[in-house]
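S.K.: Supplied in structure tokens, the structure appears directly below.
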Amino acid sequence: MSVKIISKSGVKTRNTGEKLAGLLKPGSLVLLSGDLGAGKTVFVQGLCKGLGVRDHVTSPTFALINTYRGTFPKTGETAFIVHCDAYRLGSPEDLYDAGFFDFGEDAVLICEWYENVFAKKNEPGSIVINILRRDDISANYREITISAEGEEGKAVEAAFH
Ligand SMILES: Nc1ncnc2c1ncn2[C@@H]1O[C@H](COP(=O)(O)OP(=O)(O)O)[C@@H](O)[C@H]1O
Ligand SMILES: [Mg+2]
């Protein structure tokens, strides 16, 4: 299942991420694709805001991985968030080496440029976000597609339709 959202501003993209945070739970995997400057990190900033993260969320392009602590809005449970930017990575092993999977099965895993490191387009249970720049329409115009299967897919459809 997938939903498409039109965004004409960073604020809208951030708010969309914040809304998606309401669907996340321990062990959620969020995979983002889209060109440089599409708005992946802006979306993740919204996700983290929705998870009650107080730290300033920045692109981990050089650090590879940033971690944050937040709270799941529905349950009040503590959320541990791992945010990776795989722009400079090239294989699944790189992701392991970067320590992406070292934080336990309850961590929320978020990966920008996931297509560089995940073998499959549809990791089971993942929520996949593609952000397409539409410079042909206007400088700030983006098409955000959120795709997921099964339970996650139903939740995405219910929340965004
Ligand atoms: N509709 C929009 N959605 C998201 N970002 C936008 C939008 N319009 C303009 N921008 C700008 O595009 C840039 C996106 O940057 P960033 O999130 O770091 O991209 P990425 O992580 O995909 O490389 C920001 O400077 C943001 O202000
Ligand atoms: Mg980024």
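Identifiers in this document derive from the order of the structure tokens: chains are assigned A, B, ..., residues are numbered from 1 separately in each chain, and ligands are numbered from 1 in order of occurrence.
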For the strand (DSSP E or B) assignment from backbone DSSP, which residues of segment 5-137 of chain A qualify? Please present them as a PyMOL selection string.
M.R.: chain A and resi 5-7+29-33+65-71+78-85+108-112+126-133
S.K.: Step by step, measure atom-to-atom distances between ligand 1 and each residue using only C-alpha atoms and all ligand atoms, keep those at most 12 Å, then write them as a VMD selection string.
M.R.: chain A and resid 5 to 17 32 to 46 57 to 61 83 to 87 111 to 114 129 to 135 137 to 144
S.K.: Atom CA of Thr75 of chain A and atom CA of Glu18 of chain A are how many Å apart?
M.R.: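 Between atom CA of Thr75 of chain A and atom CA of Glu18 of chain A the gap is 16.0 Å.
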S.K.: May I ask for the distance between atom CA of Glu149 of chain A and atom CA of Leu23 of chain A, given in Å to one decimal place?
M.R.: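 Interatomic distance, atom CA of Glu149 of chain A to atom CA of Leu23 of chain A: 13.4 Å.
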S.K.: Do you know which residues are at most 8 Å from segment 100-108 of chain A counting only C-alpha atoms, after dropping those on the same chain fewer than 5 positions away, and could you put them as a ChimeraX atom specification?
M.R.: /A:24-30,65,79-82,84,95
S.K.: Find, counting only C-alpha atoms and all ligand atoms, the residue in A:Val53, A:Ala119, A:Ala159, A:Ile110 that gets nearest to ligand 2.
M.R.: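 Going through A:Val53, A:Ala119, A:Ala159, A:Ile110 one by one, the smallest distance to ligand 2 is for A:Ile110.
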S.K.: Could you check the closest approach to ligand 2 for each of A:Leu64, A:Val156, A:Met1, A:Ile127 and tell me which residue wins, using only C-alpha atoms and all ligand atoms?
M.R.: A:Leu64
S.K.: If DSSP is run on the backbone, what residues of segment 17-149 of chain A are alpha helix (DSSP H)? A reply as a PyMOL selection string would be ideal.
M.R.: chain A and resi 17-21+40-50+92-97
S.K.: Using only C-alpha atoms, which of A:Ala98, A:Val3, A:Leu89, A:Cys48 sits nearest Gly70 of chain A?
M.R.: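 Under the stated criterion, the closest residue is A:Cys48.
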S.K.: One decimal, in Å: what's the spacing between atom CA of Lys49 of chain A and atom CA of Thr71 of chain A?
M.R.: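 So the answer is 9.8 Å.
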S.K.: Choose the residue, out of A:Arg54, A:Ala63, A:Glu77, A:Glu93, that has the smallest atom-to-atom separation from ligand 2; count only C-alpha atoms and all ligand atoms.
M.R.: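 Comparing A:Arg54, A:Ala63, A:Glu77, A:Glu93 against ligand 2, the winner is A:Ala63.
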